[in-house]
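Asker: To start, I am sharing the structure in question, which I have written as structure tokens.
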Amino acid sequence: PPHQYMATQLERDKHARYLLHCLREVPQPYAALDTSRLSLAYFCVAGLDVLAQLGKIDAPLRAGIVEWIYSLQVLPPSDGCAGLPADRLGGFRGSGYLGAAHSSGGAPSSSPYDGAHLAMTYTALAVLLTLGDDLSRVDQPRVLAFVSSLQDEAGCFSAYPGGERDMRFLFCAAAVVAMLRGGAVPPSSGIDVERATRYVLESRGFDGGFGLGPGQESHGGSTFTGLAALALMGTLRRLPQPQRTVRWCVERQVGGFQGRPNKDEDTCYSFWIGGSLALLG
């Protein structure tokens with residue numbers, strides 16, 4: 001039977017070696033993801049942290065990662081910023097693939113296509129904090145202005161001006177503000193917490209799970225991001241009948257966890273569903 005070939009214990013050292021390798025050099029199958037290379041770094045660093053192997057990132061590599069991340073910060077041009085959108089004035093790029101000048105503290109946008117991305121800004125700050133950086137070189141007012149500019153009338157956030165918008169980016173927005181403001185989203189953060197909270201609550205389906213937006217199918221990933229956003233904004237207590245969501249999450253276990261009814265289980269949903277249950281206590 002297939003399960004006879006499965007490992008009976010987590011190969012911690014092998015996982016750590018693989019993640020360290022990916023931090024130093026992106027494997028060929030992932031080369032196409034160079035535009036979002038920061039997210040790959042995030043998964044590697046967070047994976048090492050979860051494995052309690054963060055100490056295997058030696059001082060030179062740690063310093064190199066930190067400097068590389070700061071080099072991806074979008075800074076305003078020295079000759080003025082009149083008329084430029086917020087994504088060309090603050091936040092973080094996914095990588096340097098568009099050719100912005102390399103600088104240890106960041107560089108101005110090199111073209112209308114070379115701007116910050118909300119998810120990349122989230123992963124940049126998360127990696128910096130995980131590696132012990134104090135974020136002192138982050139242009140926080142510009143980053144917060146960038147995040148604020150992405151919220152729409154419904155309360156949701158887009159990835160960048162004119163980009164896709166859904167629950168994932170609402171969570172990223174709440175997480176970015178929380179990381180810059182001591183772990184929570186204060187009322188003076190520049191984002192409309194009330195509208196964002198209403199958007200999340202309106203995205204819960206009849207079954208108790210959350211979709212990427214109002215009226216959309218419940219999904220493990222959007223359930224976690226919605227609940228996590230509420231927790232970061234301090235409004236999770238406003239979720240009516242939380243046991244409905246608990247039940248939906250518990251029903252996703254089919255050996256492992258699935259993301260939606262009638263789908264195969266997937267290891268990523270152990271995180272999304274498990275994290276949702278942890279948030280709901």
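Simple scheme: letters A, B, ... for chains in structure tokens order, numbers from 1 for residues in each chain, numbers from 1 for ligands in the order shown.
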Using only C-alpha atoms, which residues sit within 9 Å of segment 55-65 of chain A once same-chain residues fewer than 4 positions away are excluded, as a PyMOL selection string?
Answerer: chain A and resi 16-17+20+23-24+41+45+48-49+69-70+127-128+131
Asker: Put those residues in a file: N, CA and C atoms, as a compact mmCIF listing (two decimals), in the first residue's frame.
Answerer:
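Contents of out.txt, as written:
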```txt
# COMPACT_ATOMS: atom_id res chain seq x y z
N ALA A 16 15.67 21.29 6.54
CA ALA A 16 16.48 22.49 6.79
C ALA A 16 17.52 22.68 5.69
N ARG A 17 18.16 21.61 5.26
CA ARG A 17 19.15 21.72 4.20
C ARG A 17 18.51 22.20 2.90
N LEU A 20 17.64 25.95 3.23
CA LEU A 20 18.86 26.76 3.14
C LEU A 20 19.37 26.83 1.71
N LEU A 23 17.35 29.32 -0.16
CA LEU A 23 17.66 30.70 0.21
C LEU A 23 18.87 31.21 -0.56
N ARG A 24 19.79 30.31 -0.86
CA ARG A 24 21.02 30.71 -1.55
C ARG A 24 20.85 30.73 -3.06
N ALA A 41 11.56 33.53 -0.25
CA ALA A 41 12.41 33.74 0.92
C ALA A 41 11.58 33.63 2.20
N VAL A 45 12.47 31.03 5.20
CA VAL A 45 12.82 31.52 6.54
C VAL A 45 11.76 31.08 7.56
N LEU A 48 12.16 27.35 8.31
CA LEU A 48 13.26 27.09 9.24
C LEU A 48 12.87 27.48 10.67
N ASP A 49 12.14 28.56 10.80
CA ASP A 49 11.70 29.00 12.12
C ASP A 49 10.76 27.97 12.74
N ILE A 69 16.65 42.36 1.13
CA ILE A 69 15.27 42.79 1.29
C ILE A 69 15.18 44.32 1.29
N TYR A 70 16.07 44.97 2.02
CA TYR A 70 16.02 46.44 2.03
C TYR A 70 16.31 47.02 0.65
N VAL A 127 9.83 38.55 7.07
CA VAL A 127 11.17 37.96 7.07
C VAL A 127 12.12 38.82 7.90
N LEU A 128 12.06 40.12 7.74
CA LEU A 128 12.94 41.00 8.52
C LEU A 128 12.74 40.78 10.01
N LEU A 131 14.10 37.44 11.26
CA LEU A 131 15.56 37.43 11.34
C LEU A 131 16.10 38.40 12.38
```
Asker: Might you pull out every residue within 9 Å of segment 240-243 of chain A, with only C-alpha atoms counted and same-chain residues fewer than 4 positions away left off, and present them as a list in words?
Answerer: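 Near neighbours after the sequence-gap exclusion: Leu201, Gly208, Arg247, Trp248 and Leu280 of chain A.
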Asker: If you measure from atom CA of Thr225 of chain A to atom CA of Gly213 of chain A, what distance in Å do you get, rounded to one decimal?
Answerer: 11.3 Å
Asker: Mind giving me the straight-line distance from atom CA of Thr35 of chain A to atom CA of Thr267 of chain A in Å, one decimal?
Answerer: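 Those two atoms sit 24.9 Å apart.
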Asker: DSSP on the backbone: which residues in segment 41-243 of chain A end up as strand (DSSP E or B)? Give the answer as a ChimeraX atom specification.
Answerer: /A:73-75,92,107-108,151,157-158,165,204,210
Asker: With only C-alpha atoms as the atoms that count, which of A:Ala228, A:Val176, A:Leu135, A:Leu98 lies nearest to Glu67 of chain A?
Answerer: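 Result for the nearest residue to Glu67 of chain A: A:Leu135.
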Asker: What is the distance, in Å and to one decimal place, between atom CA of Leu75 of chain A and atom CA of Pro112 of chain A?
Answerer: 13.7 Å
Asker: Write down as a ChimeraX atom specification the residues of segment 73-196 of chain A whose backbone DSSP state falls under alpha helix (DSSP H).
Answerer: /A:118-130,140-149,167-180,193-196
Asker: Which residue out of A:Leu38, A:Ala174, A:Leu89, A:Trp68 has the minimum interatomic distance to Gly190 of chain A when only C-alpha atoms are used?
Answerer: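 Answer, going by the shortest atom-to-atom distance: A:Ala174.
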Asker: Residues at most 8 Å from Thr197 of chain A, counting only C-alpha atoms, excluding those fewer than 6 positions away in the same chain, as a PyMOL selection string?
Answerer: chain A and resi 155+230+233+235
Asker: Selected residues, all heavy atoms, written as a short mmCIF file (atom, residue, chain, number, x, y, z; two decimals), in the first residue's frame, please.
Answerer:
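Saved to again_23.cif:
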```cif
data_model
loop_
_atom_site.label_atom_id
_atom_site.label_comp_id
_atom_site.auth_asym_id
_atom_site.auth_seq_id
_atom_site.Cartn_x
_atom_site.Cartn_y
_atom_site.Cartn_z
N GLY A 155 -14.17 48.16 1.41
CA GLY A 155 -13.34 47.80 2.56
C GLY A 155 -12.23 46.84 2.24
O GLY A 155 -11.36 46.60 3.08
N LEU A 230 -9.44 39.83 11.09
CA LEU A 230 -10.29 40.28 12.19
C LEU A 230 -9.52 40.31 13.51
O LEU A 230 -9.63 41.27 14.29
CB LEU A 230 -11.52 39.38 12.33
CG LEU A 230 -12.56 39.41 11.21
CD1 LEU A 230 -13.66 38.40 11.49
CD2 LEU A 230 -13.15 40.81 11.05
N MET A 233 -7.16 43.23 13.60
CA MET A 233 -7.88 44.49 13.72
C MET A 233 -8.64 44.62 15.04
O MET A 233 -9.26 45.65 15.31
CB MET A 233 -8.85 44.66 12.55
CG MET A 233 -8.16 44.79 11.20
SD MET A 233 -9.28 45.16 9.82
CE MET A 233 -10.28 43.67 9.74
N THR A 235 -11.29 42.90 15.95
CA THR A 235 -12.74 42.81 15.78
C THR A 235 -13.23 41.37 15.64
O THR A 235 -14.37 41.14 15.22
CB THR A 235 -13.17 43.63 14.53
OG1 THR A 235 -12.43 43.18 13.38
CG2 THR A 235 -12.93 45.11 14.75
#
```
Asker: With distances taken over only C-alpha atoms, which of A:Arg142, A:Arg37, A:Arg237, A:Lys263 is nearest to Gln73 of chain A?
Answerer: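 When distances to Gln73 of chain A are compared using only C-alpha atoms, the smallest one comes from A:Arg142.
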Asker: Check the smallest atom-to-atom distance from each of A:Phe171, A:Phe210, A:Tyr269, A:Tyr199 to Leu232 of chain A using only C-alpha atoms, then report the winner.
Answerer: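 So, comparing all the options, the nearest one is A:Phe171.
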Asker: Could you check the closest approach to Leu170 of chain A for each of A:Thr245, A:Leu129, A:Ser109, A:Tyr122 and tell me which residue wins, using only C-alpha atoms?
Answerer: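 The answer is A:Tyr122, which sits nearest to Leu170 of chain A.
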Asker: When you count only C-alpha atoms, which of these residues is closest to Ala86 of chain A: A:Ala229, A:Leu212, A:Leu150, A:Ala101?
Answerer: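 Of A:Ala229, A:Leu212, A:Leu150, A:Ala101, the one nearest Ala86 of chain A is A:Leu150, counting only C-alpha atoms.
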Asker: Neighbours of Phe257 of chain A within 6 Å (only C-alpha atoms; same-chain residues fewer than 4 positions away dropped), as a compact mmCIF listing (two decimals) with N, CA and C atoms, in the first residue's frame?
Answerer:
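File written: part-v5.txt
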```
# COMPACT_ATOMS: atom_id res chain seq x y z
N ARG A 252 -13.71 19.70 7.49
CA ARG A 252 -12.73 19.64 6.40
C ARG A 252 -11.71 18.53 6.61
N GLN A 253 -11.75 17.84 7.74
CA GLN A 253 -10.78 16.76 7.96
C GLN A 253 -11.27 15.49 7.29
N GLU A 265 -7.47 16.13 0.23
CA GLU A 265 -6.73 16.85 1.27
C GLU A 265 -5.38 17.32 0.73
N TYR A 269 -3.57 22.90 3.82
CA TYR A 269 -4.79 23.16 4.58
C TYR A 269 -4.68 22.74 6.04
N SER A 270 -3.67 21.95 6.35
CA SER A 270 -3.41 21.71 7.77
C SER A 270 -3.08 23.03 8.46
```
